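Trainee: Provided herewith is a single structure, encoded as structure tokens, for subsequent inquiry.
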Amino acid sequence: MDSSAAIATPPWNLRRPFLTGQFYQIYQEVKVTPGTTEGKGFSVDSSFYCSSGTDKVIGCYHATIQELIVIDDLLSALLGIEGRYISIKKVRGKEDAITFQVDASMDLALQEFSKRLFPLCESYILINQFVETRSQFKTGLVNHAFAAALRALLLDYQAMVAQLEHQFRLGKLSIQGLWFYCQPMMGSMQALSLVVKKAAANNCSGSAVLNLLQSQAKAMAGDHIVRSLLEKMSQSASTAYLRILERWVYEGVIEDPYGEFFIAENKSLQKESLTQDYDTKYWQQRYSLKDEIPSFLANAAETILITGKYLNVMRECGHSIQIPVAEKSKLTIAGSNHHYLECIKSAYDFASGELLNLVKNKYDLMGKLQSIKHYLLLDQGDFLVHFMDTAREELMKKPDEISVEKLQSLLDLALRSTAAAADPCHEDLLCCVERTTLLKRLSTLKDLEISRSAPDSNDLEEPLSITGLETFSLNYKVRWPLSLVISRKALTKYQLIFRFLFHCKHVDRQLSGAWQVHQGLRKLDMQGTTVSVSSLLCRNMLKFINSLLHYLTFEVLEPNWHVMLSRLQTAKSIDEVIQYHDFFLDKCLRECLLLSPALLRKVERLKLICLQYAAATQRLITSSLDIADTDTLYNDSPSIEKYKNLKLRTPYQMRRLAPENVTVFESVLTFEKEFTFELHSLGPILSSGSWAEPYMTHLAQWILGVGKDQ
């Protein structure tokens with residue numbers, strides 16, 4: 001080429017686009033010299049050219065050349081790379097905000113085509129950015145799996161861009177062709193970019209990512225292709241999550257290094273707390289559901305939780321067991337929601353049945369409950385009679401002065417000396433002495449559904465001095481896993497019932513002793529004396545306490561026990577066993593009046609009057625009889641020997657002791673008046689509550705019938 005031709009070459013030839021093949025031929029065809037109007041359909045004025053050595057605006061080029069340049073820049077932008085005339089800017093302070101700028105001199109039609117493709121470019125940049133950040137170690141398994149699925153998608157996308165560039169280099173790609181080939185991917189890429197933007201903005205992980213993908217898939221119900229892609233992404237992201245789930249429902253183990261699983265483990269709660277802490281939440285809170293649960297598992301979340309808990313109990317018992325998993329029942333295999341539910345239901349049935357058999361057979365739950373019934377519900381009272389005879393002196397002391405070790409040795413002696421010795425569980429029975437009365441203890445248990453009524457002016461006040469007879473109780477050793485059913489809370493409820501029954505038995509023994517004294521005096525003519533009046537009162541008191549004990553044992557404890565046993569036989573899970581057992585205890589507490597403070601105070605008042613009367617019986621009898629040694633009435637000699645030498649006082653003795661006899665007679669009348677008043681005052685209380693609590697009708701029939709014989 002000569003020098004004149006070189007000079008005639010326009011300046012824009014010095015920085016022409018990188019064009020090869022047919023594109024360079026087109027460039028040569030549209031190339032003109034300054035000042036001429038020759039060319040293929042257009043003319044260029046020399047003033048349009050830029051000075052040599054400087055960047056040119058794209059408007060310097062013919063529209064055909066501009067198209068080639070724009071296609072080249074768009075292919076770069078599709079991969080997040082800036083071109084010569086298309087720039088990519090990020091908005092400061094907003095990671096997910098991206099703007100694209102084009103040279104203002106670009107052909108308007110080309111600008112419009114470019115703007116149509118910018119959303120696809122932005123989607124690629126956002127997705128690629130998400131993949132890079134969510135592939136880090138700390139982001140969790142679900143994000144790792146999701147990022148891996150996106151990375152695979154981006155590889156296909158990049159392959160498509162590479163194919164388009166190849167066609168471009170062959171001169172077979174126009175701007176319309178680029179738009180045609182990119183358009184099908186725009187919906188999918190934009191949907192994914194929307195997901196990653198929301199995930200990044202909310203810093204989602206685990207269940208939140210899965211729910212985001214699921215909700216977005218549902219929102220795209222009208223676009224089958226996009227929905228299928230999102231569902232596939234959801235399946236890929238959930239693979240690692242389902243692996244955690246599979247380990248939980250098949251082994252009872254949570255392997256969740258990033259805290260993504262919807263079940264939380266509270267390692268601070270230990271199984272030992274079941275036997276030590278009344279308010280323990282071990283079974284409810286050792287494993288619990290989080291707020292964020294994958295939507296496709298929401299309906300089965302509770303079943304999943306319980307299944308793993310059952311397996312975990314067996315594992316902590318040293319009973320190594322793993323649910324047999326067939327290849328077709330693996331949760332990590334892609335399938336419908338119905339597939340997941342079937343696998344979970346099968347695992348639950350297996351775990352529930354195995355744990356129930358383990359507790360009932362190996363650990364003999366029913367035998368333990370029967371043993372507790374013998375001792376704490378006084379089902380077999382022979383040991384108690386022996387114990388109360390030998391421990392009476394110790395139990396008469398104040399709680400702080402009682403030797404629990406001595407009581408324990410006396411209890412062991414009573415157990416070995418009676419039919420209880422045949423019970424293999426009798427060695428698990430322990431003595432304990434509370435520091436407060438039954439009413440005070442009940443008031444401290446806030447979780448009990450105690451009826452809160454207005455205080456009554458006649459309510460029984462806490463006694464200034466209490467003895468072991470009011471505070472003595474029994475405890476029972478319970479080991480894991482039976483402590484799930486017979487927990488500290490359940491044992492406390494048993495103890496409340498025992499204390500009430502034990503004190504009633506004590507009152508009954510005291511009144512029976514007084515009644516024996518009266519019966520021994522029948523050979524004497526006691527008509528019209530203080531003893532005859534006292535005898536009637538003693539009979540009514542004894543009838544009251546016997547009626548109360550009969551109601552508690554045969555109207556409350558026994559029927560409810562048999563109902564519970566029948567339910568336990570048909571229980572299908574350990575949770576049902578716990579539910580039926582707790583229901584039994586709560587019902588017994590309520591029907592034994594322990595959850596009705598007003599009624600309980602009345603009964604306690606009546607028992608106190610009975611005890612005061614029984615303690616005063618010796619003084620009442622000696623006021624009418626000539627007894628040299630009053631201790632003979634309460635020694636252990638045969639009944640006939642007790643009373644054979646008794647005789648009435650002489651008239652002279654009666655006159656001499658007249659003032660004292662009047663006082664004694666008035667005391668008897670006072671006891672009778674107080675007892676009758678308190679007994680009859682139960683009527684309105686029982687009547688007012690009988691419509692809501694049917695058991696009060698039975699109680700009224702047994703107790704209020706006492707007064708009719710007076």
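As shown in the structure tokens, the chain order sets the letters A, B, ...; within each chain, residues go from 1, and ligands are also counted from 1 in the order they appear.
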Please give the complete set of residues from range 373-602 of chain A that DSSP, run on the backbone, assigns to strand (DSSP E or B), formatted as a ChimeraX atom specification.

Mentor: /A:429-433,472-476

Trainee: Can you pull out the residues contacting range 97-106 of chain A? Cut-off 6 Å, using only C-alpha atoms, and skip same-chain residues under 5 positions away; I want them as a list in words.

Mentor: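 Listed by chain and then number, they are Ile58, Gly59, Tyr85, Ile86, Ser87, Ile88, Lys89, Lys90 and Val91 of chain A.
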
Trainee: Okay, now the selection with N, CA and C atoms, as a PDB file, in the first residue's frame?

Mentor:
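Saved as selection_9.pdb:
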```
ATOM      1  N   ILE A  58     -18.957   5.140  20.048  1.00  0.00           N
ATOM      2  CA  ILE A  58     -19.443   4.123  19.117  1.00  0.00           C
ATOM      3  C   ILE A  58     -20.216   4.735  17.959  1.00  0.00           C
ATOM      4  N   GLY A  59     -20.708   5.953  18.178  1.00  0.00           N
ATOM      5  CA  GLY A  59     -21.450   6.613  17.110  1.00  0.00           C
ATOM      6  C   GLY A  59     -20.602   6.944  15.904  1.00  0.00           C
ATOM      7  N   TYR A  85     -18.061  -0.399  25.204  1.00  0.00           N
ATOM      8  CA  TYR A  85     -19.105   0.623  25.187  1.00  0.00           C
ATOM      9  C   TYR A  85     -20.277   0.277  26.111  1.00  0.00           C
ATOM     10  N   ILE A  86     -20.150  -0.814  26.854  1.00  0.00           N
ATOM     11  CA  ILE A  86     -21.151  -1.183  27.871  1.00  0.00           C
ATOM     12  C   ILE A  86     -20.418  -1.350  29.199  1.00  0.00           C
ATOM     13  N   SER A  87     -20.753  -0.514  30.163  1.00  0.00           N
ATOM     14  CA  SER A  87     -20.096  -0.566  31.471  1.00  0.00           C
ATOM     15  C   SER A  87     -21.053  -1.129  32.521  1.00  0.00           C
ATOM     16  N   ILE A  88     -20.475  -1.796  33.531  1.00  0.00           N
ATOM     17  CA  ILE A  88     -21.257  -2.414  34.621  1.00  0.00           C
ATOM     18  C   ILE A  88     -20.862  -1.742  35.925  1.00  0.00           C
ATOM     19  N   LYS A  89     -21.824  -1.176  36.607  1.00  0.00           N
ATOM     20  CA  LYS A  89     -21.571  -0.458  37.855  1.00  0.00           C
ATOM     21  C   LYS A  89     -22.426  -1.051  38.974  1.00  0.00           C
ATOM     22  N   LYS A  90     -21.845  -1.170  40.175  1.00  0.00           N
ATOM     23  CA  LYS A  90     -22.585  -1.589  41.365  1.00  0.00           C
ATOM     24  C   LYS A  90     -22.962  -0.362  42.185  1.00  0.00           C
ATOM     25  N   VAL A  91     -24.186  -0.342  42.645  1.00  0.00           N
ATOM     26  CA  VAL A  91     -24.656   0.785  43.454  1.00  0.00           C
ATOM     27  C   VAL A  91     -24.004   0.698  44.818  1.00  0.00           C
TER      28      VAL A  91
END
```

Trainee: Can you pull out the residues contacting Val556 in chain A? Cut-off 7 Å, using only C-alpha atoms, and skip same-chain residues under 4 positions away; I want them as a list in words.

Mentor: Tyr551, Leu552, Asn560, Cys588 and Glu591 of chain A

Trainee: At a cut-off of 10 Å, using only C-alpha atoms, what residues contact range 153-159 of chain A? Leave out same-chain residues fewer than 5 positions from it and give the result as a VMD selection string.

Mentor: chain A and resid 78 to 79 124 127 to 128 131 147 to 148 164 to 165 182 185 189 229 233

Trainee: Please list as an mmCIF file with all heavy atoms, in the first residue's frame every residue within 9 Å of range 204-221 of chain A, counting only C-alpha atoms and excluding residues in the same chain fewer than 3 positions away.

Mentor:
```
data_model
loop_
_atom_site.group_PDB
_atom_site.id
_atom_site.type_symbol
_atom_site.label_atom_id
_atom_site.label_comp_id
_atom_site.auth_asym_id
_atom_site.auth_seq_id
_atom_site.Cartn_x
_atom_site.Cartn_y
_atom_site.Cartn_z
ATOM 1 N N THR A 139 -21.430 -21.186 55.730
ATOM 2 C CA THR A 139 -22.800 -20.909 55.276
ATOM 3 C C THR A 139 -23.749 -22.098 55.408
ATOM 4 O O THR A 139 -24.950 -21.946 55.267
ATOM 5 C CB THR A 139 -22.799 -20.447 53.811
ATOM 6 O OG1 THR A 139 -22.156 -21.440 53.008
ATOM 7 C CG2 THR A 139 -22.061 -19.124 53.670
ATOM 8 N N GLY A 140 -23.228 -23.294 55.666
ATOM 9 C CA GLY A 140 -24.097 -24.434 55.920
ATOM 10 C C GLY A 140 -24.241 -25.375 54.737
ATOM 11 O O GLY A 140 -23.973 -25.026 53.585
ATOM 12 N N LEU A 141 -24.712 -26.582 55.060
ATOM 13 C CA LEU A 141 -24.799 -27.643 54.059
ATOM 14 C C LEU A 141 -25.825 -27.348 52.979
ATOM 15 O O LEU A 141 -25.621 -27.653 51.802
ATOM 16 C CB LEU A 141 -25.135 -28.962 54.747
ATOM 17 C CG LEU A 141 -24.085 -29.493 55.741
ATOM 18 C CD1 LEU A 141 -24.598 -30.753 56.421
ATOM 19 C CD2 LEU A 141 -22.767 -29.765 55.033
ATOM 20 N N VAL A 142 -26.954 -26.777 53.350
ATOM 21 C CA VAL A 142 -28.005 -26.492 52.364
ATOM 22 C C VAL A 142 -27.516 -25.449 51.367
ATOM 23 O O VAL A 142 -27.710 -25.592 50.147
ATOM 24 C CB VAL A 142 -29.298 -26.030 53.061
ATOM 25 C CG1 VAL A 142 -30.329 -25.580 52.027
ATOM 26 C CG2 VAL A 142 -29.877 -27.142 53.923
ATOM 27 N N ASN A 143 -26.873 -24.400 51.865
ATOM 28 C CA ASN A 143 -26.329 -23.382 50.968
ATOM 29 C C ASN A 143 -25.239 -23.968 50.086
ATOM 30 O O ASN A 143 -25.118 -23.607 48.908
ATOM 31 C CB ASN A 143 -25.777 -22.206 51.779
ATOM 32 C CG ASN A 143 -26.854 -21.184 52.101
ATOM 33 O OD1 ASN A 143 -27.754 -20.940 51.308
ATOM 34 N ND2 ASN A 143 -26.765 -20.590 53.278
ATOM 35 N N PHE A 146 -27.056 -25.931 47.417
ATOM 36 C CA PHE A 146 -27.741 -25.008 46.509
ATOM 37 C C PHE A 146 -26.731 -24.325 45.600
ATOM 38 O O PHE A 146 -26.939 -24.192 44.379
ATOM 39 C CB PHE A 146 -28.528 -23.994 47.329
ATOM 40 C CG PHE A 146 -29.340 -23.030 46.510
ATOM 41 C CD1 PHE A 146 -29.934 -23.421 45.317
ATOM 42 C CD2 PHE A 146 -29.528 -21.720 46.933
ATOM 43 C CE1 PHE A 146 -30.696 -22.535 44.558
ATOM 44 C CE2 PHE A 146 -30.284 -20.830 46.194
ATOM 45 C CZ PHE A 146 -30.859 -21.232 45.003
ATOM 46 N N ALA A 191 -35.827 -15.735 37.840
ATOM 47 C CA ALA A 191 -36.451 -16.379 39.006
ATOM 48 C C ALA A 191 -35.389 -16.796 40.018
ATOM 49 O O ALA A 191 -35.556 -16.597 41.238
ATOM 50 C CB ALA A 191 -37.271 -17.591 38.560
ATOM 51 N N LEU A 192 -34.293 -17.341 39.534
ATOM 52 C CA LEU A 192 -33.216 -17.741 40.437
ATOM 53 C C LEU A 192 -32.545 -16.524 41.069
ATOM 54 O O LEU A 192 -32.165 -16.551 42.245
ATOM 55 C CB LEU A 192 -32.182 -18.570 39.677
ATOM 56 C CG LEU A 192 -32.606 -20.005 39.333
ATOM 57 C CD1 LEU A 192 -31.556 -20.667 38.451
ATOM 58 C CD2 LEU A 192 -32.804 -20.821 40.601
ATOM 59 N N LEU A 194 -33.957 -13.772 41.780
ATOM 60 C CA LEU A 194 -34.869 -13.280 42.815
ATOM 61 C C LEU A 194 -34.697 -14.095 44.098
ATOM 62 O O LEU A 194 -34.685 -13.545 45.207
ATOM 63 C CB LEU A 194 -36.316 -13.378 42.317
ATOM 64 C CG LEU A 194 -37.400 -12.829 43.248
ATOM 65 C CD1 LEU A 194 -37.187 -11.342 43.516
ATOM 66 C CD2 LEU A 194 -38.787 -13.063 42.651
ATOM 67 N N VAL A 195 -34.528 -15.405 43.940
ATOM 68 C CA VAL A 195 -34.326 -16.273 45.107
ATOM 69 C C VAL A 195 -33.023 -15.918 45.812
ATOM 70 O O VAL A 195 -32.988 -15.769 47.038
ATOM 71 C CB VAL A 195 -34.321 -17.757 44.680
ATOM 72 C CG1 VAL A 195 -33.884 -18.647 45.841
ATOM 73 C CG2 VAL A 195 -35.695 -18.182 44.202
ATOM 74 N N LYS A 198 -33.201 -12.600 47.743
ATOM 75 C CA LYS A 198 -33.916 -12.720 49.020
ATOM 76 C C LYS A 198 -33.096 -13.508 50.033
ATOM 77 O O LYS A 198 -33.048 -13.158 51.214
ATOM 78 C CB LYS A 198 -35.261 -13.409 48.795
ATOM 79 C CG LYS A 198 -36.279 -12.562 48.051
ATOM 80 C CD LYS A 198 -37.595 -13.310 47.897
ATOM 81 C CE LYS A 198 -38.636 -12.457 47.179
ATOM 82 N NZ LYS A 198 -39.919 -13.188 47.003
ATOM 83 N N ALA A 199 -32.433 -14.560 49.562
ATOM 84 C CA ALA A 199 -31.618 -15.374 50.465
ATOM 85 C C ALA A 199 -30.446 -14.568 51.017
ATOM 86 O O ALA A 199 -30.106 -14.677 52.201
ATOM 87 C CB ALA A 199 -31.121 -16.614 49.744
ATOM 88 N N ALA A 200 -29.830 -13.762 50.151
ATOM 89 C CA ALA A 200 -28.701 -12.948 50.595
ATOM 90 C C ALA A 200 -29.156 -11.829 51.532
ATOM 91 O O ALA A 200 -28.503 -11.540 52.535
ATOM 92 C CB ALA A 200 -27.974 -12.373 49.387
ATOM 93 N N ALA A 201 -30.299 -11.214 51.198
ATOM 94 C CA ALA A 201 -30.793 -10.106 52.019
ATOM 95 C C ALA A 201 -31.156 -10.566 53.422
ATOM 96 O O ALA A 201 -30.915 -9.858 54.403
ATOM 97 C CB ALA A 201 -32.003 -9.459 51.340
ATOM 98 N N HIS A 224 -44.254 -23.606 33.500
ATOM 99 C CA HIS A 224 -43.877 -24.978 33.810
ATOM 100 C C HIS A 224 -42.365 -25.171 33.816
ATOM 101 O O HIS A 224 -41.817 -25.878 34.680
ATOM 102 C CB HIS A 224 -44.518 -25.929 32.792
ATOM 103 C CG HIS A 224 -44.107 -27.353 32.964
ATOM 104 N ND1 HIS A 224 -44.516 -28.115 34.046
ATOM 105 C CD2 HIS A 224 -43.287 -28.147 32.210
ATOM 106 C CE1 HIS A 224 -43.993 -29.324 33.942
ATOM 107 N NE2 HIS A 224 -43.249 -29.371 32.840
ATOM 108 N N VAL A 226 -39.877 -22.913 34.337
ATOM 109 C CA VAL A 226 -39.246 -22.257 35.488
ATOM 110 C C VAL A 226 -39.572 -23.015 36.772
ATOM 111 O O VAL A 226 -38.706 -23.225 37.629
ATOM 112 C CB VAL A 226 -39.714 -20.792 35.594
ATOM 113 C CG1 VAL A 226 -39.165 -20.148 36.863
ATOM 114 C CG2 VAL A 226 -39.261 -20.015 34.366
ATOM 115 N N ARG A 227 -40.822 -23.449 36.887
ATOM 116 C CA ARG A 227 -41.208 -24.184 38.095
ATOM 117 C C ARG A 227 -40.424 -25.493 38.212
ATOM 118 O O ARG A 227 -39.967 -25.851 39.300
ATOM 119 C CB ARG A 227 -42.703 -24.468 38.080
ATOM 120 C CG ARG A 227 -43.158 -25.266 39.290
ATOM 121 C CD ARG A 227 -44.639 -25.328 39.419
ATOM 122 N NE ARG A 227 -45.018 -26.040 40.638
ATOM 123 C CZ ARG A 227 -46.245 -26.082 41.121
ATOM 124 N NH1 ARG A 227 -47.222 -25.448 40.498
ATOM 125 N NH2 ARG A 227 -46.498 -26.747 42.224
ATOM 126 N N SER A 228 -40.266 -26.182 37.108
ATOM 127 C CA SER A 228 -39.505 -27.436 37.134
ATOM 128 C C SER A 228 -38.060 -27.191 37.544
ATOM 129 O O SER A 228 -37.474 -27.970 38.309
ATOM 130 C CB SER A 228 -39.560 -28.107 35.763
ATOM 131 O OG SER A 228 -40.881 -28.446 35.421
ATOM 132 N N LEU A 229 -37.485 -26.092 37.033
ATOM 133 C CA LEU A 229 -36.110 -25.758 37.398
ATOM 134 C C LEU A 229 -35.988 -25.480 38.895
ATOM 135 O O LEU A 229 -35.077 -25.972 39.572
ATOM 136 C CB LEU A 229 -35.642 -24.546 36.594
ATOM 137 C CG LEU A 229 -34.255 -24.004 36.964
ATOM 138 C CD1 LEU A 229 -33.174 -25.034 36.664
ATOM 139 C CD2 LEU A 229 -33.975 -22.689 36.239
ATOM 140 N N LEU A 230 -36.920 -24.694 39.441
ATOM 141 C CA LEU A 230 -36.881 -24.361 40.868
ATOM 142 C C LEU A 230 -37.096 -25.602 41.734
ATOM 143 O O LEU A 230 -36.484 -25.744 42.794
ATOM 144 C CB LEU A 230 -37.930 -23.297 41.187
ATOM 145 C CG LEU A 230 -37.655 -21.902 40.623
ATOM 146 C CD1 LEU A 230 -38.845 -20.977 40.861
ATOM 147 C CD2 LEU A 230 -36.399 -21.305 41.271
ATOM 148 N N GLU A 231 -37.967 -26.486 41.289
ATOM 149 C CA GLU A 231 -38.176 -27.731 42.038
ATOM 150 C C GLU A 231 -36.924 -28.594 42.023
ATOM 151 O O GLU A 231 -36.586 -29.240 43.022
ATOM 152 C CB GLU A 231 -39.369 -28.493 41.459
ATOM 153 C CG GLU A 231 -40.714 -27.846 41.777
ATOM 154 C CD GLU A 231 -41.875 -28.567 41.128
ATOM 155 O OE1 GLU A 231 -41.617 -29.427 40.256
ATOM 156 O OE2 GLU A 231 -43.030 -28.269 41.481
ATOM 157 N N MET A 233 -33.887 -27.428 41.738
ATOM 158 C CA MET A 233 -32.959 -26.748 42.646
ATOM 159 C C MET A 233 -33.288 -27.072 44.099
ATOM 160 O O MET A 233 -32.404 -27.287 44.937
ATOM 161 C CB MET A 233 -33.031 -25.226 42.422
ATOM 162 C CG MET A 233 -32.388 -24.770 41.144
ATOM 163 S SD MET A 233 -30.600 -24.956 41.233
ATOM 164 C CE MET A 233 -30.168 -24.823 39.504
ATOM 165 N N SER A 234 -34.586 -27.095 44.410
ATOM 166 C CA SER A 234 -35.022 -27.418 45.767
ATOM 167 C C SER A 234 -34.615 -28.838 46.147
ATOM 168 O O SER A 234 -34.151 -29.088 47.268
ATOM 169 C CB SER A 234 -36.548 -27.252 45.871
ATOM 170 O OG SER A 234 -36.998 -27.575 47.169
ATOM 171 N N GLN A 235 -34.770 -29.758 45.232
ATOM 172 C CA GLN A 235 -34.359 -31.147 45.488
ATOM 173 C C GLN A 235 -32.857 -31.235 45.715
ATOM 174 O O GLN A 235 -32.393 -31.932 46.625
ATOM 175 C CB GLN A 235 -34.756 -32.038 44.320
ATOM 176 C CG GLN A 235 -36.212 -32.482 44.350
ATOM 177 C CD GLN A 235 -36.497 -33.541 43.286
ATOM 178 O OE1 GLN A 235 -35.615 -33.916 42.527
ATOM 179 N NE2 GLN A 235 -37.722 -33.999 43.241
ATOM 180 N N ALA A 237 -30.844 -28.831 46.736
ATOM 181 C CA ALA A 237 -30.485 -28.160 47.990
ATOM 182 C C ALA A 237 -30.889 -28.973 49.208
ATOM 183 O O ALA A 237 -30.250 -28.882 50.267
ATOM 184 C CB ALA A 237 -31.145 -26.781 48.040
ATOM 185 N N SER A 238 -31.957 -29.768 49.079
ATOM 186 C CA SER A 238 -32.462 -30.519 50.229
ATOM 187 C C SER A 238 -31.758 -31.856 50.436
ATOM 188 O O SER A 238 -32.009 -32.534 51.434
ATOM 189 C CB SER A 238 -33.966 -30.769 50.072
ATOM 190 O OG SER A 238 -34.237 -31.579 48.946
ATOM 191 N N TYR A 241 -29.845 -31.838 53.576
ATOM 192 C CA TYR A 241 -30.804 -31.699 54.681
ATOM 193 C C TYR A 241 -31.486 -33.036 54.965
ATOM 194 O O TYR A 241 -31.664 -33.442 56.124
ATOM 195 C CB TYR A 241 -31.841 -30.643 54.308
ATOM 196 C CG TYR A 241 -32.636 -30.099 55.467
ATOM 197 C CD1 TYR A 241 -32.188 -28.994 56.173
ATOM 198 C CD2 TYR A 241 -33.833 -30.684 55.861
ATOM 199 C CE1 TYR A 241 -32.908 -28.481 57.227
ATOM 200 C CE2 TYR A 241 -34.557 -30.177 56.917
ATOM 201 C CZ TYR A 241 -34.092 -29.075 57.592
ATOM 202 O OH TYR A 241 -34.805 -28.564 58.652
ATOM 203 N N TYR A 258 -24.003 -27.163 61.438
ATOM 204 C CA TYR A 258 -24.283 -25.741 61.210
ATOM 205 C C TYR A 258 -25.605 -25.281 61.833
ATOM 206 O O TYR A 258 -26.033 -24.143 61.619
ATOM 207 C CB TYR A 258 -24.301 -25.435 59.703
ATOM 208 C CG TYR A 258 -23.020 -25.802 59.000
ATOM 209 C CD1 TYR A 258 -22.914 -26.974 58.268
ATOM 210 C CD2 TYR A 258 -21.902 -24.977 59.083
ATOM 211 C CE1 TYR A 258 -21.735 -27.318 57.628
ATOM 212 C CE2 TYR A 258 -20.716 -25.311 58.443
ATOM 213 C CZ TYR A 258 -20.636 -26.490 57.716
ATOM 214 O OH TYR A 258 -19.461 -26.818 57.101
ATOM 215 N N GLY A 259 -26.263 -26.144 62.575
ATOM 216 C CA GLY A 259 -27.522 -25.768 63.215
ATOM 217 C C GLY A 259 -28.639 -25.483 62.231
ATOM 218 O O GLY A 259 -29.469 -24.613 62.473
ATOM 219 N N GLU A 260 -28.699 -26.235 61.138
ATOM 220 C CA GLU A 260 -29.706 -25.994 60.102
ATOM 221 C C GLU A 260 -30.968 -26.826 60.300
ATOM 222 O O GLU A 260 -32.037 -26.465 59.811
ATOM 223 C CB GLU A 260 -29.123 -26.327 58.732
ATOM 224 C CG GLU A 260 -27.931 -25.490 58.334
ATOM 225 C CD GLU A 260 -27.289 -26.003 57.058
ATOM 226 O OE1 GLU A 260 -26.533 -26.992 57.139
ATOM 227 O OE2 GLU A 260 -27.540 -25.430 55.993
ATOM 228 N N PHE A 261 -30.866 -27.953 61.002
ATOM 229 C CA PHE A 261 -31.987 -28.882 61.153
ATOM 230 C C PHE A 261 -33.093 -28.232 61.973
ATOM 231 O O PHE A 261 -32.839 -27.399 62.842
ATOM 232 C CB PHE A 261 -31.484 -30.154 61.835
ATOM 233 C CG PHE A 261 -32.402 -31.330 61.680
ATOM 234 C CD1 PHE A 261 -33.031 -31.596 60.479
ATOM 235 C CD2 PHE A 261 -32.642 -32.181 62.741
ATOM 236 C CE1 PHE A 261 -33.873 -32.687 60.330
ATOM 237 C CE2 PHE A 261 -33.468 -33.282 62.612
ATOM 238 C CZ PHE A 261 -34.089 -33.533 61.405
ATOM 239 N N PHE A 262 -34.341 -28.609 61.686
ATOM 240 C CA PHE A 262 -35.475 -27.955 62.354
ATOM 241 C C PHE A 262 -35.737 -28.507 63.754
ATOM 242 O O PHE A 262 -36.686 -28.097 64.421
ATOM 243 C CB PHE A 262 -36.744 -28.053 61.500
ATOM 244 C CG PHE A 262 -37.278 -29.453 61.324
ATOM 245 C CD1 PHE A 262 -38.199 -29.990 62.212
ATOM 246 C CD2 PHE A 262 -36.868 -30.229 60.245
ATOM 247 C CE1 PHE A 262 -38.692 -31.266 62.029
ATOM 248 C CE2 PHE A 262 -37.354 -31.503 60.058
ATOM 249 C CZ PHE A 262 -38.277 -32.030 60.954
ATOM 250 N N GLU A 292 -38.560 -22.435 62.155
ATOM 251 C CA GLU A 292 -38.416 -22.592 60.699
ATOM 252 C C GLU A 292 -38.379 -24.079 60.356
ATOM 253 O O GLU A 292 -37.430 -24.792 60.693
ATOM 254 C CB GLU A 292 -37.133 -21.909 60.237
ATOM 255 C CG GLU A 292 -37.044 -21.673 58.750
ATOM 256 C CD GLU A 292 -37.895 -20.509 58.274
ATOM 257 O OE1 GLU A 292 -37.845 -19.433 58.899
ATOM 258 O OE2 GLU A 292 -38.617 -20.689 57.277
ATOM 259 N N ILE A 293 -39.433 -24.553 59.697
ATOM 260 C CA ILE A 293 -39.541 -25.955 59.304
ATOM 261 C C ILE A 293 -39.768 -26.006 57.799
ATOM 262 O O ILE A 293 -40.570 -25.241 57.264
ATOM 263 C CB ILE A 293 -40.716 -26.643 60.030
ATOM 264 C CG1 ILE A 293 -40.519 -26.564 61.534
ATOM 265 C CG2 ILE A 293 -40.862 -28.092 59.587
ATOM 266 C CD1 ILE A 293 -41.693 -27.093 62.331
ATOM 267 N N PRO A 294 -39.068 -26.894 57.080
ATOM 268 C CA PRO A 294 -39.314 -27.004 55.628
ATOM 269 C C PRO A 294 -40.786 -27.294 55.352
ATOM 270 O O PRO A 294 -41.395 -28.143 56.011
ATOM 271 C CB PRO A 294 -38.431 -28.189 55.220
ATOM 272 C CG PRO A 294 -37.348 -28.228 56.247
ATOM 273 C CD PRO A 294 -37.983 -27.782 57.524
ATOM 274 N N SER A 295 -41.343 -26.590 54.405
ATOM 275 C CA SER A 295 -42.789 -26.698 54.152
ATOM 276 C C SER A 295 -43.188 -28.116 53.758
ATOM 277 O O SER A 295 -44.276 -28.578 54.108
ATOM 278 C CB SER A 295 -43.197 -25.713 53.054
ATOM 279 O OG SER A 295 -42.442 -25.926 51.866
ATOM 280 N N PHE A 296 -42.311 -28.849 53.062
ATOM 281 C CA PHE A 296 -42.690 -30.188 52.625
ATOM 282 C C PHE A 296 -42.631 -31.209 53.768
ATOM 283 O O PHE A 296 -43.071 -32.341 53.621
ATOM 284 C CB PHE A 296 -41.811 -30.651 51.456
ATOM 285 C CG PHE A 296 -40.357 -30.803 51.783
ATOM 286 C CD1 PHE A 296 -39.836 -32.028 52.171
ATOM 287 C CD2 PHE A 296 -39.503 -29.716 51.687
ATOM 288 C CE1 PHE A 296 -38.491 -32.168 52.459
ATOM 289 C CE2 PHE A 296 -38.158 -29.846 51.970
ATOM 290 C CZ PHE A 296 -37.646 -31.068 52.356
#
```

Trainee: I'd like a table as CSV: residues in range 403-489 of chain A with an atom no more than 9 Å from range 375-384 of chain A, each row giving the shortest atom pair and its distance in Å to one decimal, only C-alpha atoms counted, sorted by chain and rising residue number.

Mentor:
```
residue,atom,partner,partner_atom,distance
A:Leu411,CA,A:Phe383,CA,8.1
A:Ala414,CA,A:Phe383,CA,5.4
A:Leu415,CA,A:Phe383,CA,5.7
A:Arg416,CA,A:Phe383,CA,8.7
A:Ser417,CA,A:Phe383,CA,7.7
A:Thr418,CA,A:Phe383,CA,5.7
A:Ala419,CA,A:Asp382,CA,7.5
A:Ala420,CA,A:Phe383,CA,6.8
A:His426,CA,A:Tyr375,CA,8.7
A:Leu429,CA,A:Tyr375,CA,8.1
A:Ser473,CA,A:Leu376,CA,8.5
A:Leu474,CA,A:Leu376,CA,6.8
A:Asn475,CA,A:Leu376,CA,8.2
A:Tyr476,CA,A:Leu376,CA,8.8
```
